[in-house]
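Peer 1: Input work.cif, format and content: mmCIF, C-alpha atoms.
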```cif
data_data
loop_
_atom_site.label_atom_id
_atom_site.label_comp_id
_atom_site.auth_asym_id
_atom_site.auth_seq_id
_atom_site.Cartn_x
_atom_site.Cartn_y
_atom_site.Cartn_z
CA MET J 1 0.00 0.00 0.00
CA THR J 2 1.38 3.37 -1.02
CA VAL J 3 0.76 6.34 1.22
CA VAL J 4 0.22 9.51 -0.69
CA GLY J 5 1.22 12.65 1.19
CA THR J 6 -1.05 15.66 1.12
CA THR J 7 0.27 19.16 0.64
CA PRO J 8 -1.55 21.85 2.61
CA PRO J 9 -3.25 24.45 0.40
CA PRO J 10 -1.36 27.72 -0.05
CA ARG J 11 -2.29 30.56 2.25
CA LEU J 12 -4.55 33.20 0.83
CA PRO J 13 -2.74 36.43 -0.06
CA VAL J 14 -2.93 39.11 2.57
CA ARG J 15 -2.71 42.77 1.72
CA ASP J 16 0.62 44.22 2.83
CA ARG J 17 -0.38 47.44 4.54
CA THR J 18 3.23 48.33 5.29
CA ALA J 19 4.12 48.27 1.60
CA GLY J 20 1.04 50.31 0.85
CA ARG J 21 2.08 52.92 3.38
CA GLU J 22 5.58 53.13 1.99
CA ARG J 23 4.20 53.47 -1.53
CA ALA J 24 1.76 56.15 -0.41
CA GLY J 25 4.40 58.37 1.11
CA GLY J 26 6.15 56.68 4.02
CA ALA J 27 5.65 56.95 7.75
CA VAL J 28 3.85 59.75 9.52
CA SER J 29 5.71 62.16 11.82
CA PRO J 30 7.64 60.34 14.58
CA MET J 31 7.77 63.64 16.45
CA LEU J 32 3.98 63.72 16.58
CA THR J 33 3.91 60.21 18.04
CA ARG J 34 6.42 61.21 20.71
CA LEU J 35 4.45 64.33 21.59
CA ALA J 36 1.31 62.24 22.00
CA ALA J 37 3.15 59.86 24.34
CA GLU J 38 4.31 62.71 26.56
CA ARG J 39 0.85 64.36 26.49
CA ALA J 40 2.33 67.59 25.20
CA THR J 41 0.44 70.84 24.67
CA GLY J 42 1.50 73.25 21.94
CA VAL J 43 1.79 73.51 18.16
CA LEU J 44 3.76 71.29 15.79
CA GLU J 45 4.84 73.41 12.82
CA ARG J 46 5.76 71.58 9.63
CA GLU J 47 6.54 72.60 6.07
CA ARG J 48 2.96 72.35 4.79
CA GLY J 49 0.90 73.08 7.88
CA ALA J 50 0.56 73.01 11.66
CA LEU J 51 -1.14 70.79 14.23
CA TYR J 52 -2.24 72.07 17.63
CA LEU J 53 -2.12 69.64 20.53
CA ALA J 54 -3.68 69.67 23.98
CA GLU J 55 -2.46 66.99 26.38
CA GLY J 56 -1.20 64.89 23.49
CA ARG J 57 -4.34 65.05 21.34
CA VAL J 58 -4.94 67.07 18.18
CA VAL J 59 -7.43 69.89 18.71
CA HIS J 60 -6.90 71.89 15.53
CA ALA J 61 -4.94 71.84 12.28
CA GLU J 62 -4.19 74.42 9.62
CA SER J 63 -2.61 74.34 6.18
CA PRO J 64 -2.45 76.85 3.34
CA PHE J 65 -3.35 73.95 1.02
CA ALA J 66 -6.73 73.25 2.65
CA PRO J 67 -9.77 75.52 2.98
CA GLY J 68 -10.04 76.79 6.53
CA LEU J 69 -12.89 76.23 8.93
CA ASP J 70 -14.25 79.68 8.10
CA VAL J 71 -14.66 78.68 4.44
CA LEU J 72 -16.57 75.52 5.33
CA LEU J 73 -18.83 77.36 7.78
CA LEU J 74 -19.57 80.42 5.69
CA ALA J 75 -19.66 79.13 2.10
CA HIS J 76 -23.07 77.49 2.35
CA GLY J 77 -24.68 79.62 5.02
CA THR J 78 -24.02 77.38 8.02
CA LEU J 79 -22.93 80.51 9.88
CA GLU J 80 -23.32 84.20 9.18
CA PRO J 81 -20.03 86.01 8.44
CA GLY J 82 -20.67 88.68 11.09
CA VAL J 83 -21.29 86.05 13.77
CA TRP J 84 -18.10 84.21 12.87
CA TRP J 85 -15.84 87.27 12.89
CA GLU J 86 -17.30 88.51 16.15
CA ALA J 87 -16.41 85.20 17.81
CA VAL J 88 -12.92 85.31 16.29
CA GLN J 89 -12.28 88.82 17.62
CA ARG J 90 -13.57 88.00 21.10
CA ALA J 91 -11.77 84.67 21.40
CA GLY J 92 -9.09 84.47 24.07
CA GLU J 93 -7.04 81.90 25.90
CA GLU J 94 -9.79 81.09 28.39
CA ARG J 95 -12.73 81.06 25.99
CA GLY J 96 -12.06 80.08 22.40
CA ALA J 97 -14.25 80.92 19.43
CA ALA J 98 -15.90 77.49 19.53
CA ARG J 99 -17.11 77.97 23.11
CA LEU J 100 -18.37 81.49 22.34
CA LEU J 101 -20.40 80.27 19.37
CA LEU J 102 -21.92 77.37 21.29
CA ASP J 103 -22.71 79.34 24.45
CA ALA J 104 -24.45 82.02 22.38
CA GLY J 105 -26.51 79.40 20.55
CA ARG J 106 -25.21 80.58 17.17
CA ILE J 107 -24.72 77.05 15.84
CA GLU J 108 -25.57 73.50 16.87
CA ARG J 109 -22.71 71.57 18.39
CA GLY J 110 -23.07 68.70 15.91
CA ALA J 111 -22.82 71.01 12.90
CA LEU J 112 -19.78 72.76 14.32
CA GLU J 113 -18.06 69.47 15.15
CA VAL J 114 -18.64 68.08 11.65
CA CYS J 115 -17.18 71.16 9.99
CA HIS J 116 -14.28 71.34 12.44
CA LEU J 117 -13.34 67.67 12.06
CA GLY J 118 -13.48 68.02 8.28
CA ALA J 119 -11.14 71.00 8.38
CA LEU J 120 -8.86 69.28 10.91
CA TYR J 121 -8.38 66.08 8.88
CA ASP J 122 -8.03 68.09 5.67
CA ALA J 123 -5.24 70.27 7.05
CA ALA J 124 -3.58 67.34 8.84
CA TYR J 125 -3.32 65.44 5.54
CA PHE J 126 -1.19 68.23 4.09
CA ALA J 127 0.67 69.07 7.29
CA LEU J 128 1.81 65.45 7.69
CA ALA J 129 2.96 65.10 4.08
CA PRO J 130 6.58 63.97 3.63
CA SER J 131 8.78 66.99 4.16
CA SER J 132 12.31 68.03 3.34
CA THR J 133 12.60 70.18 6.47
CA PRO J 134 12.32 69.12 10.14
CA GLY J 135 9.27 70.06 12.16
CA ARG J 136 9.35 72.37 15.18
CA PHE J 137 7.21 72.14 18.30
CA ARG J 138 6.40 75.17 20.43
CA TYR J 139 5.22 74.17 23.88
CA GLY J 140 2.25 75.87 25.48
CA THR J 141 0.96 77.54 22.31
CA GLY J 142 -2.80 77.24 21.91
CA HIS J 143 -5.22 78.16 19.14
CA TRP J 144 -7.85 80.85 19.30
CA PHE J 145 -10.55 78.41 18.16
CA GLY J 146 -10.26 76.35 21.33
CA ALA J 147 -10.57 72.62 21.92
CA LEU J 148 -13.90 71.42 20.59
CA ARG J 149 -13.41 67.69 20.13
CA PRO J 150 -9.82 66.49 20.60
CA VAL J 151 -8.73 63.70 18.26
CA PRO J 152 -6.16 61.04 19.24
CA VAL J 153 -2.92 61.24 17.28
CA ASP J 154 -3.17 57.64 16.11
CA ALA J 155 -6.59 58.37 14.59
CA VAL J 156 -5.14 61.34 12.68
CA GLU J 157 -2.25 59.19 11.45
CA ARG J 158 -4.53 56.35 10.35
CA GLU J 159 -6.78 58.72 8.42
CA THR J 160 -3.79 60.42 6.79
CA LEU J 161 -2.39 57.10 5.61
CA ARG J 162 -5.82 55.94 4.42
CA ARG J 163 -6.13 59.08 2.30
CA ARG J 164 -2.66 58.63 0.84
CA GLU J 165 -3.43 55.05 -0.14
CA LEU J 166 -6.79 55.93 -1.67
CA LEU J 167 -5.37 58.75 -3.79
CA HIS J 168 -2.50 56.53 -4.91
CA ARG J 169 -4.94 53.85 -6.08
CA LEU J 170 -6.99 56.40 -8.02
CA TRP J 171 -3.99 58.00 -9.78
CA PRO J 172 -0.41 57.41 -8.61
CA ASP J 173 0.98 60.79 -9.70
CA PRO J 174 0.63 63.35 -6.84
CA LEU J 175 1.38 66.36 -9.08
CA PRO J 176 -2.34 67.23 -9.63
CA ASP J 177 -2.72 67.74 -5.87
CA SER J 178 -0.70 70.96 -5.88
CA ALA J 179 0.08 72.08 -9.44
CA PRO J 180 -2.08 74.33 -11.64
CA LEU J 181 -4.62 72.24 -13.54
CA LEU J 182 -5.37 72.20 -17.27
CA ARG J 183 -8.38 70.69 -19.02
CA ALA J 184 -7.82 67.90 -21.54
CA ASP J 185 -10.06 66.46 -24.23
CA PRO J 186 -9.81 62.66 -24.16
CA ALA J 187 -10.98 60.67 -27.14
CA ALA J 188 -13.20 58.49 -24.98
CA ALA J 189 -13.91 58.86 -21.30
CA PRO J 190 -16.86 58.19 -19.00
CA PRO J 191 -19.06 61.23 -18.42
CA PRO J 192 -18.03 63.19 -15.32
CA SER J 193 -20.25 63.29 -12.27
CA ALA J 194 -21.96 66.48 -11.12
CA ARG J 195 -19.21 67.07 -8.56
CA GLN J 196 -16.53 66.53 -11.19
CA ARG J 197 -18.25 68.90 -13.62
CA ALA J 198 -18.16 71.60 -10.94
CA VAL J 199 -14.41 71.02 -10.58
CA LEU J 200 -13.82 71.07 -14.33
CA ALA J 201 -15.70 74.35 -14.65
CA LEU J 202 -13.02 76.03 -12.52
CA VAL J 203 -9.98 74.45 -14.21
CA ASP J 204 -8.25 77.31 -16.01
CA GLY J 205 -4.52 76.57 -16.02
CA VAL J 206 -4.00 78.76 -12.96
CA ARG J 207 -6.09 77.30 -10.14
CA THR J 208 -4.84 74.35 -8.12
CA ALA J 209 -7.00 71.67 -6.51
CA SER J 210 -6.88 73.60 -3.22
CA ASP J 211 -7.95 76.79 -5.00
CA ILE J 212 -10.90 74.98 -6.53
CA ALA J 213 -11.92 73.50 -3.18
CA GLY J 214 -11.93 76.99 -1.67
CA GLU J 215 -13.95 78.41 -4.57
CA LEU J 216 -16.55 75.67 -4.17
CA GLY J 217 -16.57 75.85 -0.36
CA ARG J 218 -15.72 72.15 -0.15
CA PRO J 219 -13.15 70.26 1.90
CA ALA J 220 -9.87 69.67 0.11
CA PHE J 221 -9.73 65.87 0.21
CA PRO J 222 -12.98 65.14 -1.69
CA THR J 223 -11.78 67.65 -4.28
CA LEU J 224 -8.45 65.80 -4.55
CA VAL J 225 -10.41 62.58 -5.12
CA ASP J 226 -12.33 64.22 -7.97
CA VAL J 227 -9.12 65.66 -9.43
CA ARG J 228 -7.29 62.33 -9.38
CA ARG J 229 -10.25 60.54 -10.97
CA LEU J 230 -10.43 63.19 -13.67
CA ALA J 231 -6.69 62.83 -14.24
CA ALA J 232 -7.05 59.05 -14.51
CA ALA J 233 -9.85 59.55 -17.07
CA GLY J 234 -7.66 61.92 -19.07
CA ARG J 235 -9.93 64.91 -18.55
CA LEU J 236 -7.30 67.09 -16.92
CA THR J 237 -3.56 67.33 -16.56
CA ALA J 238 -1.27 69.05 -14.10
CA GLN J 239 0.89 71.88 -15.33
CA PHE J 240 4.45 71.81 -14.14
CA PRO J 241 5.40 75.03 -12.36
CA PRO J 242 7.57 77.32 -14.49
CA PRO J 243 11.29 76.71 -14.07
CA ALA J 244 13.07 78.99 -11.67
CA PRO J 245 14.97 81.77 -13.43
CA ARG J 246 18.57 80.89 -14.03
CA PRO J 247 21.09 83.02 -12.17
CA PRO J 248 23.10 85.32 -14.41
CA GLN J 249 26.31 83.75 -15.56
CA ALA J 250 29.49 85.32 -14.30
CA LEU J 251 31.64 87.06 -16.89
CA ALA J 252 34.56 84.96 -18.03
CA LEU J 253 37.79 86.35 -16.60
CA PRO J 254 40.87 86.52 -18.76
CA PRO J 255 43.68 84.17 -17.86
CA VAL J 256 46.09 85.40 -15.23
CA ASN J 257 48.98 85.40 -17.72
CA ASP J 258 47.24 87.95 -19.96
CA PRO J 259 49.77 90.79 -20.72
CA ASP J 260 47.19 93.51 -20.03
CA ILE J 261 46.47 92.07 -16.57
CA THR J 262 50.20 91.86 -15.90
CA LEU J 263 50.66 95.51 -16.87
CA LEU J 264 47.78 96.63 -14.63
CA LYS J 265 49.26 94.74 -11.70
CA ARG J 266 52.64 96.45 -12.22
CA LEU J 267 51.01 99.89 -12.36
CA ARG J 268 49.06 99.16 -9.16
CA ASP J 269 52.20 98.00 -7.38
CA ALA J 270 54.08 101.10 -8.53
CA LEU J 271 51.33 103.43 -7.24
CA GLU J 272 51.24 101.66 -3.88
CA ALA J 273 55.00 102.09 -3.56
CA LEU J 274 54.79 105.92 -3.89
#
```
Any chance you could give the structure as structure tokens?
Peer 2:
Amino acid sequence: MTVVGTTPPPRLPVRDRTAGRERAGGAVSPMLTRLAAERATGVLERERGALYLAEGRVVHAESPFAPGLDVLLLAHGTLEPGVWWEAVQRAGEERGAARLLLDAGRIERGALEVCHLGALYDAAYFALAPSSTPGRFRYGTGHWFGALRPVPVDAVERETLRRRELLHRLWPDPLPDSAPLLRADPAAAPPPSARQRAVLALVDGVRTASDIAGELGRPAFPTLVDVRRLAAAGRLTAQFPPPAPRPPQALALPPVNDPDITLLKRLRDALEAL
């Protein structure tokens, strides 16, 4: 009797999240993780934005590449401009603008939290982008908005990495995220959605994705999703920024053994000797 050995079936493939993170831009800020562990309070300033911490949790984030909280609150009438600016002017260290708005009944807490979290994650995505310069943390520095709903650092990191991976899957080239956008006319492409048509209407060769998000009063990340999908469909391209002007070339000096130079040197030496 012959015994036939059985080979166990191969293991099902498992998605390598580490590889995905490396492909999507690498690790998030180790400094931020350390600040969370020590329950630090202050502001972490990075090349593309800043994150405000209170006892190791993120309470606010800002980036010039993401529409601010004021844009999200005012663009669609969630809050009146006069009410917002009054709260901003009256905000202090003890009572931030968020507390002033809520105590005065100017906005429901749920609506303010939704807008604030959207702005926070938007700005954090840009602030935590890979950087060529080190970050700097200033202890004890707060933000005039106040702490509405603190977010754990690990939640901010997970969401940042999730967004990187999603955008990479849609279109692996990150240039459309920050460069001026140009419309293209593909031979065949699926019709754009209503949201994508609104984006395309503002593509003019000058505006960036962040500019378009601000014009539409939308968060930056959903706009980046639309932009990457449009790029993948061939409906838009990113314009490379113009090359930096070349520095003027220095005039070529004559060789040191030139007879005219030798004569000038002799005249100078003779004058100095007088």
Peer 1: What's the 7 Å shell around range 53-70 of chain J, counting only C-alpha atoms, without same-chain residues fewer than 2 positions away, as a PyMOL selection string?
Peer 2: chain J and resi 35-43+48-51+72-74+115-116+119-120+122-124+126-127+147-153+210+213-214+219-220
Peer 1: From the set J:Ala201, J:Leu79, J:Ala98, J:Leu236, which residue has the shortest atom-to-atom contact distance to Gly146 in chain J, counting all atoms listed in the file?
Peer 2: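 For Gly146 in chain J, the nearest of the given residues is J:Ala98.
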Peer 1: Just checking: using only C-alpha atoms, which residue out of J:Ala189, J:Leu181, J:Ile107, J:Ala238 ends up closest to Glu80 in chain J?
Peer 2: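 Ranking J:Ala189, J:Leu181, J:Ile107, J:Ala238 by distance to Glu80 in chain J, first place goes to J:Ile107.
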Peer 1: Which is closer to Gly77 in chain J than all the others in J:Ala233, J:Gln196, J:Glu113, J:Gly217, using all atoms listed in the file?
Peer 2: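 Going through J:Ala233, J:Gln196, J:Glu113, J:Gly217 one by one, the smallest distance to Gly77 in chain J is for J:Gly217.
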Peer 1: With distances taken over all atoms listed in the file, which residue among J:Ala87, J:Leu224, J:Leu202, J:Leu117 lies nearest Asp103 in chain J?
Peer 2: J:Ala87
Peer 1: Could you jot down the CA of His168 in chain J to CA of Asp211 in chain J separation for me, Å, one decimal place?
Peer 2: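 Separating CA of His168 in chain J from CA of Asp211 in chain J is a distance of 21.0 Å.
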Peer 1: Have a look at CA of Val199 in chain J and CA of Leu216 in chain J and let me know their distance in Å, one decimal.
Peer 2: 8.2 Å
Peer 1: What is the distance, in Å and to one decimal place, between CA of Glu108 in chain J and CA of Arg158 in chain J?
Peer 2: 27.9 Å
Peer 1: Please evaluate the PyMOL selection byres ((chain J and resi 100) around 10) against the displayed coordinates and give the resulting residues as a PDB file with C-alpha atoms, in the coordinates of the input.
Peer 2:
```pdb
ATOM      1  CA  TRP J  84     -18.100  84.210  12.870  1.00  0.00           C
ATOM      2  CA  GLU J  86     -17.300  88.510  16.150  1.00  0.00           C
ATOM      3  CA  ALA J  87     -16.410  85.200  17.810  1.00  0.00           C
ATOM      4  CA  VAL J  88     -12.920  85.310  16.290  1.00  0.00           C
ATOM      5  CA  ARG J  90     -13.570  88.000  21.100  1.00  0.00           C
ATOM      6  CA  ALA J  91     -11.770  84.670  21.400  1.00  0.00           C
ATOM      7  CA  GLY J  92      -9.090  84.470  24.070  1.00  0.00           C
ATOM      8  CA  ARG J  95     -12.730  81.060  25.990  1.00  0.00           C
ATOM      9  CA  GLY J  96     -12.060  80.080  22.400  1.00  0.00           C
ATOM     10  CA  ALA J  97     -14.250  80.920  19.430  1.00  0.00           C
ATOM     11  CA  ALA J  98     -15.900  77.490  19.530  1.00  0.00           C
ATOM     12  CA  ARG J  99     -17.110  77.970  23.110  1.00  0.00           C
ATOM     13  CA  LEU J 101     -20.400  80.270  19.370  1.00  0.00           C
ATOM     14  CA  LEU J 102     -21.920  77.370  21.290  1.00  0.00           C
ATOM     15  CA  ASP J 103     -22.710  79.340  24.450  1.00  0.00           C
ATOM     16  CA  ALA J 104     -24.450  82.020  22.380  1.00  0.00           C
ATOM     17  CA  GLY J 105     -26.510  79.400  20.550  1.00  0.00           C
ATOM     18  CA  ARG J 106     -25.210  80.580  17.170  1.00  0.00           C
ATOM     19  CA  PHE J 145     -10.550  78.410  18.160  1.00  0.00           C
ATOM     20  CA  GLY J 146     -10.260  76.350  21.330  1.00  0.00           C
TER      21      GLY J 146
END
```
Peer 1: Which residue gives the smallest distance to Tyr125 in chain J among J:Leu167, J:Pro81, J:Ala198, J:Phe137, with all atoms listed in the file counted?
Peer 2: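 That would be J:Leu167, the residue with the smallest distance to Tyr125 in chain J.
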Peer 1: Would you kindly identify which residues have an atom no farther than 12 Å from (-6.6, 59.0, 2.9), using only C-alpha atoms and the file's own coordinates, and write them out as a ChimeraX atom specification?
Peer 2: /J:20-21,24-25,121-122,124-126,128-129,155-170,220-222,224-225
Peer 1: My list of candidates is J:Ala184, J:Trp171, J:Leu44, J:Asp204. Which is closest to Arg138 in chain J when distances are computed with only C-alpha atoms?
Peer 2: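 Going through J:Ala184, J:Trp171, J:Leu44, J:Asp204 one by one, the smallest distance to Arg138 in chain J is for J:Leu44.
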Peer 1: Selected by the PyMOL selection byres ((chain J and resi 191) around 12) in the shown coordinates: which residues, as a PyMOL selection string?
Peer 2: chain J and resi 185-190+192-197+200+229-230+233-235
